[in-house]
Structure formats: structure tokens, C-alpha cells
file model.pdb (PDB, C-alpha atoms, pLDDT in the B column)
ATOM      1  CA  MET A   1      20.455  10.385  26.151  1.00 77.00           C
ATOM      2  CA  GLU A   2      22.797   7.437  25.882  1.00 89.00           C
ATOM      3  CA  ILE A   3      21.944   4.467  23.696  1.00 94.00           C
ATOM      4  CA  LEU A   4      23.463   1.236  24.944  1.00 94.00           C
ATOM      5  CA  ARG A   5      23.905  -2.023  23.043  1.00 95.00           C
ATOM      6  CA  LEU A   6      23.131  -5.251  24.833  1.00 92.00           C
ATOM      7  CA  THR A   7      25.910  -7.794  24.558  1.00 87.00           C
ATOM      8  CA  ALA A   8      26.183 -11.436  25.492  1.00 81.00           C
ATOM      9  CA  GLY A   9      26.997 -11.934  29.133  1.00 84.00           C
ATOM     10  CA  ALA A  10      25.002  -8.974  30.434  1.00 89.00           C
ATOM     11  CA  PRO A  11      23.490  -9.458  33.904  1.00 90.00           C
ATOM     12  CA  ASP A  12      20.353 -11.633  33.876  1.00 90.00           C
ATOM     13  CA  THR A  13      18.395  -8.812  35.503  1.00 92.00           C
ATOM     14  CA  LEU A  14      18.880  -6.681  32.384  1.00 94.00           C
ATOM     15  CA  TYR A  15      17.201  -9.299  30.177  1.00 94.00           C
ATOM     16  CA  VAL A  16      14.337  -9.525  32.688  1.00 95.00           C
ATOM     17  CA  GLU A  17      13.904  -5.729  32.640  1.00 95.00           C
ATOM     18  CA  LEU A  18      13.869  -5.651  28.832  1.00 96.00           C
ATOM     19  CA  SER A  19      11.217  -8.369  28.785  1.00 96.00           C
ATOM     20  CA  ALA A  20       9.086  -6.550  31.349  1.00 95.00           C
ATOM     21  CA  LEU A  21       9.174  -3.334  29.296  1.00 96.00           C
ATOM     22  CA  ASP A  22       8.374  -5.161  26.071  1.00 94.00           C
ATOM     23  CA  LYS A  23       5.384  -6.924  27.670  1.00 94.00           C
ATOM     24  CA  LEU A  24       4.195  -3.680  29.256  1.00 92.00           C
ATOM     25  CA  CYS A  25       4.101  -2.057  25.824  1.00 91.00           C
ATOM     26  CA  VAL A  26       2.920  -4.888  23.573  1.00 85.00           C
ATOM     27  CA  GLY A  27       1.156  -7.248  25.951  1.00 81.00           C
ATOM     28  CA  ALA A  28       1.521 -10.984  26.320  1.00 79.00           C
ATOM     29  CA  GLU A  29       3.217 -11.283  22.925  1.00 81.00           C
ATOM     30  CA  GLY A  30       6.205  -9.340  24.269  1.00 88.00           C
ATOM     31  CA  TRP A  31       9.543 -11.074  24.260  1.00 91.00           C
ATOM     32  CA  SER A  32      10.807 -13.204  27.123  1.00 93.00           C
ATOM     33  CA  ALA A  33      14.112 -12.555  28.882  1.00 93.00           C
ATOM     34  CA  GLU A  34      15.473 -15.629  27.093  1.00 92.00           C
ATOM     35  CA  SER A  35      14.502 -14.159  23.705  1.00 93.00           C
ATOM     36  CA  PHE A  36      16.449 -10.969  24.407  1.00 93.00           C
ATOM     37  CA  MET A  37      19.406 -13.037  25.596  1.00 92.00           C
ATOM     38  CA  SER A  38      19.313 -15.150  22.435  1.00 92.00           C
ATOM     39  CA  GLU A  39      19.143 -12.074  20.197  1.00 92.00           C
ATOM     40  CA  ALA A  40      22.082 -10.422  21.992  1.00 91.00           C
ATOM     41  CA  GLU A  41      24.183 -13.565  21.589  1.00 91.00           C
ATOM     42  CA  LYS A  42      23.703 -13.802  17.813  1.00 92.00           C
ATOM     43  CA  ASP A  43      26.361 -12.325  15.558  1.00 90.00           C
ATOM     44  CA  ASN A  44      23.632 -10.636  13.512  1.00 94.00           C
ATOM     45  CA  GLY A  45      21.424  -9.611  16.445  1.00 95.00           C
ATOM     46  CA  ILE A  46      21.127  -6.024  17.652  1.00 96.00           C
ATOM     47  CA  VAL A  47      19.475  -5.079  20.940  1.00 96.00           C
ATOM     48  CA  LEU A  48      19.612  -1.413  21.932  1.00 97.00           C
ATOM     49  CA  TYR A  49      18.210   0.312  24.986  1.00 97.00           C
ATOM     50  CA  ILE A  50      18.078   3.633  26.797  1.00 97.00           C
ATOM     51  CA  THR A  51      18.100   3.936  30.576  1.00 93.00           C
ATOM     52  CA  ASP A  52      16.766   6.731  32.708  1.00 88.00           C
ATOM     53  CA  GLY A  53      18.158   6.476  36.179  1.00 83.00           C
ATOM     54  CA  ASP A  54      17.607   2.981  37.446  1.00 84.00           C
ATOM     55  CA  ARG A  55      15.167   1.706  34.820  1.00 90.00           C
ATOM     56  CA  ILE A  56      15.010   1.009  31.120  1.00 95.00           C
ATOM     57  CA  ALA A  57      13.092   3.721  29.295  1.00 96.00           C
ATOM     58  CA  ALA A  58      13.132   2.296  25.759  1.00 97.00           C
ATOM     59  CA  LEU A  59      14.380  -0.615  23.676  1.00 97.00           C
ATOM     60  CA  LEU A  60      14.772  -1.777  20.110  1.00 97.00           C
ATOM     61  CA  SER A  61      15.684  -5.245  18.894  1.00 96.00           C
ATOM     62  CA  GLY A  62      16.435  -6.424  15.398  1.00 96.00           C
ATOM     63  CA  TYR A  63      18.738  -8.450  13.236  1.00 95.00           C
ATOM     64  CA  THR A  64      20.496  -8.428   9.884  1.00 95.00           C
ATOM     65  CA  ALA A  65      20.431 -11.025   7.134  1.00 92.00           C
ATOM     66  CA  VAL A  66      22.063 -10.935   3.706  1.00 87.00           C
ATOM     67  CA  GLY A  67      21.347  -7.439   2.452  1.00 90.00           C
ATOM     68  CA  GLU A  68      18.433  -6.631   4.733  1.00 95.00           C
ATOM     69  CA  ALA A  69      17.540  -5.920   8.328  1.00 96.00           C
ATOM     70  CA  ASP A  70      14.442  -6.460  10.406  1.00 96.00           C
ATOM     71  CA  ILE A  71      13.299  -4.482  13.432  1.00 96.00           C
ATOM     72  CA  THR A  72      11.514  -7.001  15.630  1.00 93.00           C
ATOM     73  CA  SER A  73      10.496  -4.908  18.632  1.00 93.00           C
ATOM     74  CA  VAL A  74      10.378  -1.283  19.711  1.00 95.00           C
ATOM     75  CA  ALA A  75       9.063  -0.358  23.158  1.00 95.00           C
ATOM     76  CA  VAL A  76       9.054   2.920  25.071  1.00 96.00           C
ATOM     77  CA  HIS A  77       7.860   3.044  28.665  1.00 96.00           C
ATOM     78  CA  PRO A  78       4.704   5.196  28.899  1.00 94.00           C
ATOM     79  CA  ASP A  79       6.496   7.612  31.260  1.00 93.00           C
ATOM     80  CA  PHE A  80       9.107   8.339  28.566  1.00 94.00           C
ATOM     81  CA  ARG A  81       7.068   8.618  25.377  1.00 93.00           C
ATOM     82  CA  ARG A  82       7.261  11.619  23.041  1.00 91.00           C
ATOM     83  CA  ARG A  83      10.889  12.335  23.949  1.00 93.00           C
ATOM     84  CA  GLY A  84      12.418  11.036  20.704  1.00 94.00           C
ATOM     85  CA  TYR A  85      13.664   7.755  22.170  1.00 96.00           C
ATOM     86  CA  ALA A  86      12.095   5.474  19.530  1.00 95.00           C
ATOM     87  CA  ARG A  87      13.394   7.660  16.727  1.00 95.00           C
ATOM     88  CA  ALA A  88      16.905   7.765  18.250  1.00 96.00           C
ATOM     89  CA  LEU A  89      16.939   3.967  18.629  1.00 97.00           C
ATOM     90  CA  THR A  90      15.770   3.507  15.034  1.00 95.00           C
ATOM     91  CA  GLU A  91      18.481   5.834  13.733  1.00 95.00           C
ATOM     92  CA  ARG A  92      21.173   4.109  15.814  1.00 96.00           C
ATOM     93  CA  PHE A  93      20.009   0.708  14.554  1.00 96.00           C
ATOM     94  CA  GLU A  94      20.449   1.921  10.989  1.00 95.00           C
ATOM     95  CA  GLU A  95      23.955   3.224  11.775  1.00 94.00           C
ATOM     96  CA  LEU A  96      24.982  -0.226  13.035  1.00 95.00           C
ATOM     97  CA  LEU A  97      23.897  -2.110   9.916  1.00 94.00           C
ATOM     98  CA  PRO A  98      26.434  -3.693   7.577  1.00 92.00           C
ATOM     99  CA  ASP A  99      27.291  -1.616   4.500  1.00 90.00           C
ATOM    100  CA  ASP A 100      25.589  -4.094   2.161  1.00 91.00           C
ATOM    101  CA  THR A 101      22.186  -3.623   3.823  1.00 94.00           C
ATOM    102  CA  GLU A 102      19.635  -2.429   1.282  1.00 94.00           C
ATOM    103  CA  ASP A 103      16.345  -2.491   3.161  1.00 96.00           C
ATOM    104  CA  ILE A 104      14.992  -2.422   6.712  1.00 97.00           C
ATOM    105  CA  PHE A 105      11.645  -4.096   7.399  1.00 96.00           C
ATOM    106  CA  LEU A 106       9.264  -4.034  10.352  1.00 95.00           C
ATOM    107  CA  GLU A 107       5.693  -4.916  11.272  1.00 93.00           C
ATOM    108  CA  VAL A 108       3.442  -2.698  13.343  1.00 91.00           C
ATOM    109  CA  ARG A 109      -0.128  -3.106  14.574  1.00 87.00           C
ATOM    110  CA  GLU A 110      -2.549  -1.563  12.122  1.00 88.00           C
ATOM    111  CA  SER A 111      -4.173   0.402  14.973  1.00 89.00           C
ATOM    112  CA  ASN A 112      -0.875   1.904  16.180  1.00 89.00           C
ATOM    113  CA  ALA A 113      -1.194   5.199  14.306  1.00 90.00           C
ATOM    114  CA  GLY A 114       1.462   6.906  16.435  1.00 88.00           C
ATOM    115  CA  ALA A 115       4.110   4.288  15.647  1.00 91.00           C
ATOM    116  CA  ILE A 116       3.186   4.241  11.954  1.00 93.00           C
ATOM    117  CA  ALA A 117       3.544   8.028  11.813  1.00 93.00           C
ATOM    118  CA  LEU A 118       6.929   7.827  13.546  1.00 92.00           C
ATOM    119  CA  TYR A 119       8.205   5.169  11.146  1.00 94.00           C
ATOM    120  CA  GLU A 120       7.013   7.228   8.175  1.00 95.00           C
ATOM    121  CA  LYS A 121       8.954  10.228   9.553  1.00 94.00           C
ATOM    122  CA  CYS A 122      11.993   7.930   9.758  1.00 93.00           C
ATOM    123  CA  GLY A 123      11.634   7.129   6.038  1.00 94.00           C
ATOM    124  CA  PHE A 124       9.645   3.882   6.142  1.00 96.00           C
ATOM    125  CA  GLU A 125       6.889   3.241   3.616  1.00 96.00           C
ATOM    126  CA  ARG A 126       3.859   1.000   3.927  1.00 94.00           C
ATOM    127  CA  LEU A 127       4.492  -2.125   1.900  1.00 90.00           C
ATOM    128  CA  SER A 128       1.619  -4.518   2.662  1.00 90.00           C
ATOM    129  CA  VAL A 129      -0.744  -5.839   5.330  1.00 90.00           C
ATOM    130  CA  ARG A 130      -0.405  -9.211   7.067  1.00 87.00           C
ATOM    131  CA  LYS A 131      -3.884 -10.365   7.997  1.00 89.00           C
ATOM    132  CA  GLY A 132      -4.248 -11.633  11.569  1.00 76.00           C
ATOM    133  CA  PHE A 133      -0.520 -11.324  12.280  1.00 81.00           C
ATOM    134  CA  TYR A 134      -1.006 -10.368  15.933  1.00 78.00           C
ATOM    135  CA  VAL A 135      -2.776 -12.828  18.202  1.00 77.00           C
ATOM    136  CA  SER A 136      -3.649 -11.038  21.435  1.00 75.00           C
ATOM    137  CA  PRO A 137      -5.732  -9.199  20.463  1.00 76.00           C
ATOM    138  CA  ARG A 138      -6.146 -10.458  16.891  1.00 80.00           C
ATOM    139  CA  GLU A 139      -5.068  -7.688  14.529  1.00 78.00           C
ATOM    140  CA  ASN A 140      -3.478  -7.080  11.163  1.00 84.00           C
ATOM    141  CA  ALA A 141       0.097  -5.880  10.845  1.00 88.00           C
ATOM    142  CA  VAL A 142       1.282  -3.172   8.503  1.00 91.00           C
ATOM    143  CA  VAL A 143       4.561  -4.241   6.913  1.00 95.00           C
ATOM    144  CA  MET A 144       6.866  -1.303   6.380  1.00 95.00           C
ATOM    145  CA  ARG A 145      10.156  -0.936   4.527  1.00 96.00           C
ATOM    146  CA  LYS A 146      12.880   1.644   4.409  1.00 96.00           C
ATOM    147  CA  SER A 147      15.237   1.422   1.434  1.00 94.00           C
ATOM    148  CA  ILE A 148      18.710   2.562   2.356  1.00 90.00           C
ATOM    149  CA  ASN A 149      20.795   1.157  -0.492  1.00 72.00           C
ATOM    150  CA  SER A 150      20.906   4.408  -2.462  1.00 51.00           C
ATOM    151  CA  LYS A 151      22.170   6.367   0.552  1.00 52.00           C
ATOM    152  CA  ARG A 152      25.012   3.945   1.222  1.00 46.00           C
ATOM    153  CA  LYS A 153      26.334   3.824  -2.351  1.00 45.00           C
ATOM    154  CA  ILE A 154      27.065   7.554  -2.510  1.00 41.00           C
TER     155      ILE A 154
END
call {"tool": "encode", "arguments": {"input": "model.pdb", "output": "C-alpha cells"}}
result
Amino acid sequence: MEILRLTAGAPDTLYVELSALDKLCVGAEGWSAESFMSEAEKDNGIVLYITDGDRIAALLSGYTAVGEADITSVAVHPDFRRRGYARALTERFEELLPDDTEDIFLEVRESNAGAIALYEKCGFERLSVRKGFYVSPRENAVVMRKSINSKRKI
């Protein structure tokens, strides 16, 4: 499995494919091609993906900001689930963070027990609930955090 990092100037079709996968997995709230392009162009943006043959199997997007990071989207095509792709992307994201990063945050649908279990295996803890965070369908989000500051100071 090879994890690739999206960079500014990638072919437009790649952004379209990322958007299609994100919308397949999360519905209408999935990111647009323009959103992935914008994230890839930011100095603090990180967009990772895994391909399988001629299609994108999984993606992760996030960003860094003064001492913390935020994972904004994780999507794995249904044909490629349970192969460790989401975990590998999460671990690679953490490896790419600046040394001063102390915490990683993310939100996940309250009903997404599989994703919550995966994030807990990756060291995330439930922090709080955001009522009505998701719109379509309306649902609460579980806010999760992984503290990494102690690991980086050793």
C-alpha cells in the first residue's frame, strides 16, 4: 500500500475523484473538488490518499494550526474497507505533523461505531458531543482528541 500526498497543481481529475469518494462515503456534505484543491494548496493543509489500480481507495484530509491538528475527512471506498487503509492514513497524517503539535482533533458521526472504534484504537479519546453538527441527516458529532505532546518530547 502506498500513501500519496496531494500537492498543488495535481490534475483536476484527481480532485474530482477525491470529491466523488468523499461524497460516496459521507453523503451530500462531502467535500467538493474545489475544497480538496484549496486544502492541498495551503501550507498547513494535508491531503493523503491511497490508490488501488485506477481508482482512489481511501483519503484523509486535515490541517495544522499552532500546536494542534484537525482531521477533517476520512473516507474509504466500500470495496476497500477493513484493509487498514484508514488506520494507515491516520498514522501517516500524524507522522507529517510539525514537532510542536500537541493534539489532534476530529469529529465523527455519533452513529458511526466502526469509525469511533478505529479512532479509539489509534489513541483518540472521546472529548465531547456537538449537538446537531451534521445536517444531512441531522446528527450529533462525537469530538475526539489524541494527545501526542508527551510522545514527541521524549
call {"tool": "closest_residue", "arguments": {"input": "model.pdb", "among": "A:Ala86, A:Ile148, A:Leu4, A:Leu106", "to": "Ile71 (chain A)", "atoms": "all atoms listed in the file"}}
result
A:Leu106
call {"tool": "closest_residue", "arguments": {"input": "model.pdb", "among": "A:Val47, A:Leu59, A:Ala20, A:Leu118", "to": "Arg87 (chain A)", "atoms": "all atoms listed in the file"}}
result
A:Leu118
call {"tool": "resolve_selection", "arguments": {"input": "model.pdb", "expression": "the PyMOL selection byres ((chain A and resi 46) around 12)", "output": "PyMOL selection string"}}
result
chain A and resi 4-8+36-45+47-49+59-65+69-74+89-90+92-98
call {"tool": "closest_residue", "arguments": {"input": "model.pdb", "among": "A:Ile3, A:Val143, A:Val108, A:Ala75", "to": "Glu17 (chain A)", "atoms": "all atoms listed in the file"}}
result
A:Ala75
call {"tool": "closest_residue", "arguments": {"input": "model.pdb", "among": "A:Met1, A:Ala33, A:Val26, A:Val66", "to": "Thr13 (chain A)", "atoms": "only C-alpha atoms"}}
result
A:Ala33
call {"tool": "resolve_selection", "arguments": {"input": "model.pdb", "expression": "the PyMOL selection byres ((chain A and resi 133) around 12)", "output": "PyMOL selection string"}}
result
chain A and resi 29+107-110+128-132+134-143
call {"tool": "axis_aligned_box", "arguments": {"input": "model.pdb", "around": "region 25-42 of chain A", "padding_each_side": "6 Å", "output": "JSON"}}
result
{"center_x": 12.7, "center_y": -8.8, "center_z": 23.3, "size_x": 35.0, "size_y": 25.6, "size_z": 23.1}
call {"tool": "resolve_selection", "arguments": {"input": "model.pdb", "expression": "the PyMOL selection byres ((chain A and resi 145) around 8)", "output": "list in words"}}
result
Asp103, Ile104, Phe105, Leu106, Phe124, Glu125, Arg126, Leu127, Val143, Met144, Lys146 and Ser147 of chain A
call {"tool": "decode", "arguments": {"input": "model.pdb", "residues": "region 12-61 of chain A", "atoms": "N, CA and C atoms", "output": "PDB file, in the first residue's frame"}}
result
ATOM      1  N   ASP A  12      -6.718  18.070 -12.393  1.00  0.00           N
ATOM      2  CA  ASP A  12      -8.078  18.361 -11.921  1.00  0.00           C
ATOM      3  C   ASP A  12      -8.884  17.085 -11.683  1.00  0.00           C
ATOM      4  N   THR A  13      -8.636  16.065 -12.488  1.00  0.00           N
ATOM      5  CA  THR A  13      -9.396  14.822 -12.340  1.00  0.00           C
ATOM      6  C   THR A  13      -9.168  14.176 -10.977  1.00  0.00           C
ATOM      7  N   LEU A  14      -8.001  14.374 -10.394  1.00  0.00           N
ATOM      8  CA  LEU A  14      -7.708  13.811  -9.079  1.00  0.00           C
ATOM      9  C   LEU A  14      -8.594  14.455  -8.010  1.00  0.00           C
ATOM     10  N   TYR A  15      -8.754  15.769  -8.070  1.00  0.00           N
ATOM     11  CA  TYR A  15      -9.621  16.463  -7.116  1.00  0.00           C
ATOM     12  C   TYR A  15     -11.073  15.992  -7.271  1.00  0.00           C
ATOM     13  N   VAL A  16     -11.495  15.782  -8.505  1.00  0.00           N
ATOM     14  CA  VAL A  16     -12.856  15.306  -8.777  1.00  0.00           C
ATOM     15  C   VAL A  16     -13.046  13.901  -8.196  1.00  0.00           C
ATOM     16  N   GLU A  17     -12.049  13.040  -8.350  1.00  0.00           N
ATOM     17  CA  GLU A  17     -12.134  11.680  -7.812  1.00  0.00           C
ATOM     18  C   GLU A  17     -12.178  11.685  -6.280  1.00  0.00           C
ATOM     19  N   LEU A  18     -11.385  12.540  -5.658  1.00  0.00           N
ATOM     20  CA  LEU A  18     -11.404  12.650  -4.202  1.00  0.00           C
ATOM     21  C   LEU A  18     -12.783  13.098  -3.723  1.00  0.00           C
ATOM     22  N   SER A  19     -13.350  14.076  -4.390  1.00  0.00           N
ATOM     23  CA  SER A  19     -14.676  14.570  -4.039  1.00  0.00           C
ATOM     24  C   SER A  19     -15.729  13.476  -4.196  1.00  0.00           C
ATOM     25  N   ALA A  20     -15.659  12.740  -5.272  1.00  0.00           N
ATOM     26  CA  ALA A  20     -16.634  11.666  -5.508  1.00  0.00           C
ATOM     27  C   ALA A  20     -16.558  10.610  -4.407  1.00  0.00           C
ATOM     28  N   LEU A  21     -15.360  10.244  -3.986  1.00  0.00           N
ATOM     29  CA  LEU A  21     -15.205   9.256  -2.915  1.00  0.00           C
ATOM     30  C   LEU A  21     -15.743   9.815  -1.605  1.00  0.00           C
ATOM     31  N   ASP A  22     -15.407  11.057  -1.303  1.00  0.00           N
ATOM     32  CA  ASP A  22     -15.865  11.660  -0.058  1.00  0.00           C
ATOM     33  C   ASP A  22     -17.398  11.697  -0.008  1.00  0.00           C
ATOM     34  N   LYS A  23     -18.022  12.089  -1.099  1.00  0.00           N
ATOM     35  CA  LYS A  23     -19.492  12.157  -1.153  1.00  0.00           C
ATOM     36  C   LYS A  23     -20.118  10.766  -1.120  1.00  0.00           C
ATOM     37  N   LEU A  24     -19.465   9.785  -1.713  1.00  0.00           N
ATOM     38  CA  LEU A  24     -19.959   8.416  -1.645  1.00  0.00           C
ATOM     39  C   LEU A  24     -20.020   7.944  -0.192  1.00  0.00           C
ATOM     40  N   CYS A  25     -19.007   8.311   0.576  1.00  0.00           N
ATOM     41  CA  CYS A  25     -18.901   7.828   1.956  1.00  0.00           C
ATOM     42  C   CYS A  25     -19.683   8.660   2.969  1.00  0.00           C
ATOM     43  N   VAL A  26     -19.747   9.966   2.769  1.00  0.00           N
ATOM     44  CA  VAL A  26     -20.403  10.809   3.783  1.00  0.00           C
ATOM     45  C   VAL A  26     -21.670  11.486   3.289  1.00  0.00           C
ATOM     46  N   GLY A  27     -21.986  11.337   2.028  1.00  0.00           N
ATOM     47  CA  GLY A  27     -23.210  11.936   1.506  1.00  0.00           C
ATOM     48  C   GLY A  27     -22.990  13.344   0.972  1.00  0.00           C
ATOM     49  N   ALA A  28     -24.059  14.077   0.888  1.00  0.00           N
ATOM     50  CA  ALA A  28     -24.039  15.402   0.270  1.00  0.00           C
ATOM     51  C   ALA A  28     -23.084  16.373   0.954  1.00  0.00           C
ATOM     52  N   GLU A  29     -22.794  16.129   2.229  1.00  0.00           N
ATOM     53  CA  GLU A  29     -21.881  17.017   2.956  1.00  0.00           C
ATOM     54  C   GLU A  29     -20.415  16.788   2.587  1.00  0.00           C
ATOM     55  N   GLY A  30     -20.153  15.799   1.740  1.00  0.00           N
ATOM     56  CA  GLY A  30     -18.774  15.540   1.320  1.00  0.00           C
ATOM     57  C   GLY A  30     -18.173  16.752   0.635  1.00  0.00           C
ATOM     58  N   TRP A  31     -16.876  16.802   0.646  1.00  0.00           N
ATOM     59  CA  TRP A  31     -16.159  17.945   0.085  1.00  0.00           C
ATOM     60  C   TRP A  31     -16.271  18.009  -1.430  1.00  0.00           C
ATOM     61  N   SER A  32     -16.200  19.212  -1.949  1.00  0.00           N
ATOM     62  CA  SER A  32     -16.160  19.437  -3.394  1.00  0.00           C
ATOM     63  C   SER A  32     -14.716  19.289  -3.881  1.00  0.00           C
ATOM     64  N   ALA A  33     -14.563  19.172  -5.184  1.00  0.00           N
ATOM     65  CA  ALA A  33     -13.218  19.127  -5.779  1.00  0.00           C
ATOM     66  C   ALA A  33     -12.443  20.394  -5.421  1.00  0.00           C
ATOM     67  N   GLU A  34     -13.134  21.521  -5.427  1.00  0.00           N
ATOM     68  CA  GLU A  34     -12.501  22.805  -5.105  1.00  0.00           C
ATOM     69  C   GLU A  34     -12.003  22.829  -3.660  1.00  0.00           C
ATOM     70  N   SER A  35     -12.749  22.184  -2.748  1.00  0.00           N
ATOM     71  CA  SER A  35     -12.319  22.142  -1.349  1.00  0.00           C
ATOM     72  C   SER A  35     -11.026  21.341  -1.196  1.00  0.00           C
ATOM     73  N   PHE A  36     -10.937  20.218  -1.897  1.00  0.00           N
ATOM     74  CA  PHE A  36      -9.695  19.435  -1.843  1.00  0.00           C
ATOM     75  C   PHE A  36      -8.534  20.217  -2.463  1.00  0.00           C
ATOM     76  N   MET A  37      -8.803  20.926  -3.541  1.00  0.00           N
ATOM     77  CA  MET A  37      -7.768  21.730  -4.177  1.00  0.00           C
ATOM     78  C   MET A  37      -7.281  22.816  -3.219  1.00  0.00           C
ATOM     79  N   SER A  38      -8.210  23.495  -2.570  1.00  0.00           N
ATOM     80  CA  SER A  38      -7.862  24.550  -1.626  1.00  0.00           C
ATOM     81  C   SER A  38      -7.026  24.011  -0.472  1.00  0.00           C
ATOM     82  N   GLU A  39      -7.422  22.861   0.060  1.00  0.00           N
ATOM     83  CA  GLU A  39      -6.681  22.261   1.178  1.00  0.00           C
ATOM     84  C   GLU A  39      -5.260  21.879   0.758  1.00  0.00           C
ATOM     85  N   ALA A  40      -5.120  21.333  -0.437  1.00  0.00           N
ATOM     86  CA  ALA A  40      -3.794  20.920  -0.931  1.00  0.00           C
ATOM     87  C   ALA A  40      -2.884  22.118  -1.169  1.00  0.00           C
ATOM     88  N   GLU A  41      -3.469  23.259  -1.471  1.00  0.00           N
ATOM     89  CA  GLU A  41      -2.674  24.455  -1.771  1.00  0.00           C
ATOM     90  C   GLU A  41      -2.213  25.192  -0.522  1.00  0.00           C
ATOM     91  N   LYS A  42      -2.826  24.925   0.615  1.00  0.00           N
ATOM     92  CA  LYS A  42      -2.460  25.605   1.860  1.00  0.00           C
ATOM     93  C   LYS A  42      -1.148  25.051   2.394  1.00  0.00           C
ATOM     94  N   ASP A  43      -0.349  25.918   2.983  1.00  0.00           N
ATOM     95  CA  ASP A  43       0.901  25.477   3.599  1.00  0.00           C
ATOM     96  C   ASP A  43       0.648  24.508   4.744  1.00  0.00           C
ATOM     97  N   ASN A  44      -0.466  24.669   5.447  1.00  0.00           N
ATOM     98  CA  ASN A  44      -0.758  23.825   6.599  1.00  0.00           C
ATOM     99  C   ASN A  44      -1.780  22.726   6.289  1.00  0.00           C
ATOM    100  N   GLY A  45      -2.140  22.568   5.031  1.00  0.00           N
ATOM    101  CA  GLY A  45      -3.092  21.539   4.635  1.00  0.00           C
ATOM    102  C   GLY A  45      -2.406  20.224   4.307  1.00  0.00           C
ATOM    103  N   ILE A  46      -3.074  19.127   4.635  1.00  0.00           N
ATOM    104  CA  ILE A  46      -2.549  17.794   4.339  1.00  0.00           C
ATOM    105  C   ILE A  46      -3.678  16.960   3.747  1.00  0.00           C
ATOM    106  N   VAL A  47      -3.492  16.507   2.522  1.00  0.00           N
ATOM    107  CA  VAL A  47      -4.456  15.616   1.878  1.00  0.00           C
ATOM    108  C   VAL A  47      -3.691  14.372   1.438  1.00  0.00           C
ATOM    109  N   LEU A  48      -4.092  13.233   1.985  1.00  0.00           N
ATOM    110  CA  LEU A  48      -3.441  11.959   1.687  1.00  0.00           C
ATOM    111  C   LEU A  48      -4.444  11.041   1.016  1.00  0.00           C
ATOM    112  N   TYR A  49      -3.941  10.138   0.181  1.00  0.00           N
ATOM    113  CA  TYR A  49      -4.839   9.179  -0.454  1.00  0.00           C
ATOM    114  C   TYR A  49      -4.089   7.916  -0.829  1.00  0.00           C
ATOM    115  N   ILE A  50      -4.865   6.852  -1.020  1.00  0.00           N
ATOM    116  CA  ILE A  50      -4.338   5.553  -1.418  1.00  0.00           C
ATOM    117  C   ILE A  50      -5.070   5.157  -2.688  1.00  0.00           C
ATOM    118  N   THR A  51      -4.325   4.704  -3.686  1.00  0.00           N
ATOM    119  CA  THR A  51      -4.962   4.233  -4.917  1.00  0.00           C
ATOM    120  C   THR A  51      -4.874   2.712  -4.992  1.00  0.00           C
ATOM    121  N   ASP A  52      -5.821   2.149  -5.696  1.00  0.00           N
ATOM    122  CA  ASP A  52      -5.802   0.726  -5.980  1.00  0.00           C
ATOM    123  C   ASP A  52      -6.087   0.590  -7.462  1.00  0.00           C
ATOM    124  N   GLY A  53      -5.064   0.362  -8.220  1.00  0.00           N
ATOM    125  CA  GLY A  53      -5.250   0.334  -9.667  1.00  0.00           C
ATOM    126  C   GLY A  53      -5.567   1.714 -10.188  1.00  0.00           C
ATOM    127  N   ASP A  54      -6.706   1.843 -10.817  1.00  0.00           N
ATOM    128  CA  ASP A  54      -7.040   3.111 -11.458  1.00  0.00           C
ATOM    129  C   ASP A  54      -8.031   3.958 -10.663  1.00  0.00           C
ATOM    130  N   ARG A  55      -8.258   3.630  -9.394  1.00  0.00           N
ATOM    131  CA  ARG A  55      -9.188   4.448  -8.616  1.00  0.00           C
ATOM    132  C   ARG A  55      -8.669   4.700  -7.212  1.00  0.00           C
ATOM    133  N   ILE A  56      -9.206   5.731  -6.600  1.00  0.00           N
ATOM    134  CA  ILE A  56      -8.820   6.081  -5.240  1.00  0.00           C
ATOM    135  C   ILE A  56      -9.590   5.195  -4.272  1.00  0.00           C
ATOM    136  N   ALA A  57      -8.859   4.528  -3.397  1.00  0.00           N
ATOM    137  CA  ALA A  57      -9.462   3.606  -2.443  1.00  0.00           C
ATOM    138  C   ALA A  57      -9.782   4.283  -1.107  1.00  0.00           C
ATOM    139  N   ALA A  58      -8.977   5.278  -0.727  1.00  0.00           N
ATOM    140  CA  ALA A  58      -9.157   5.919   0.572  1.00  0.00           C
ATOM    141  C   ALA A  58      -8.517   7.297   0.574  1.00  0.00           C
ATOM    142  N   LEU A  59      -8.998   8.156   1.473  1.00  0.00           N
ATOM    143  CA  LEU A  59      -8.441   9.501   1.587  1.00  0.00           C
ATOM    144  C   LEU A  59      -8.523   9.987   3.016  1.00  0.00           C
ATOM    145  N   LEU A  60      -7.691  10.946   3.324  1.00  0.00           N
ATOM    146  CA  LEU A  60      -7.724  11.660   4.595  1.00  0.00           C
ATOM    147  C   LEU A  60      -7.310  13.087   4.318  1.00  0.00           C
ATOM    148  N   SER A  61      -8.054  14.042   4.865  1.00  0.00           N
ATOM    149  CA  SER A  61      -7.654  15.443   4.763  1.00  0.00           C
ATOM    150  C   SER A  61      -7.603  16.032   6.160  1.00  0.00           C
TER     151      SER A  61
END
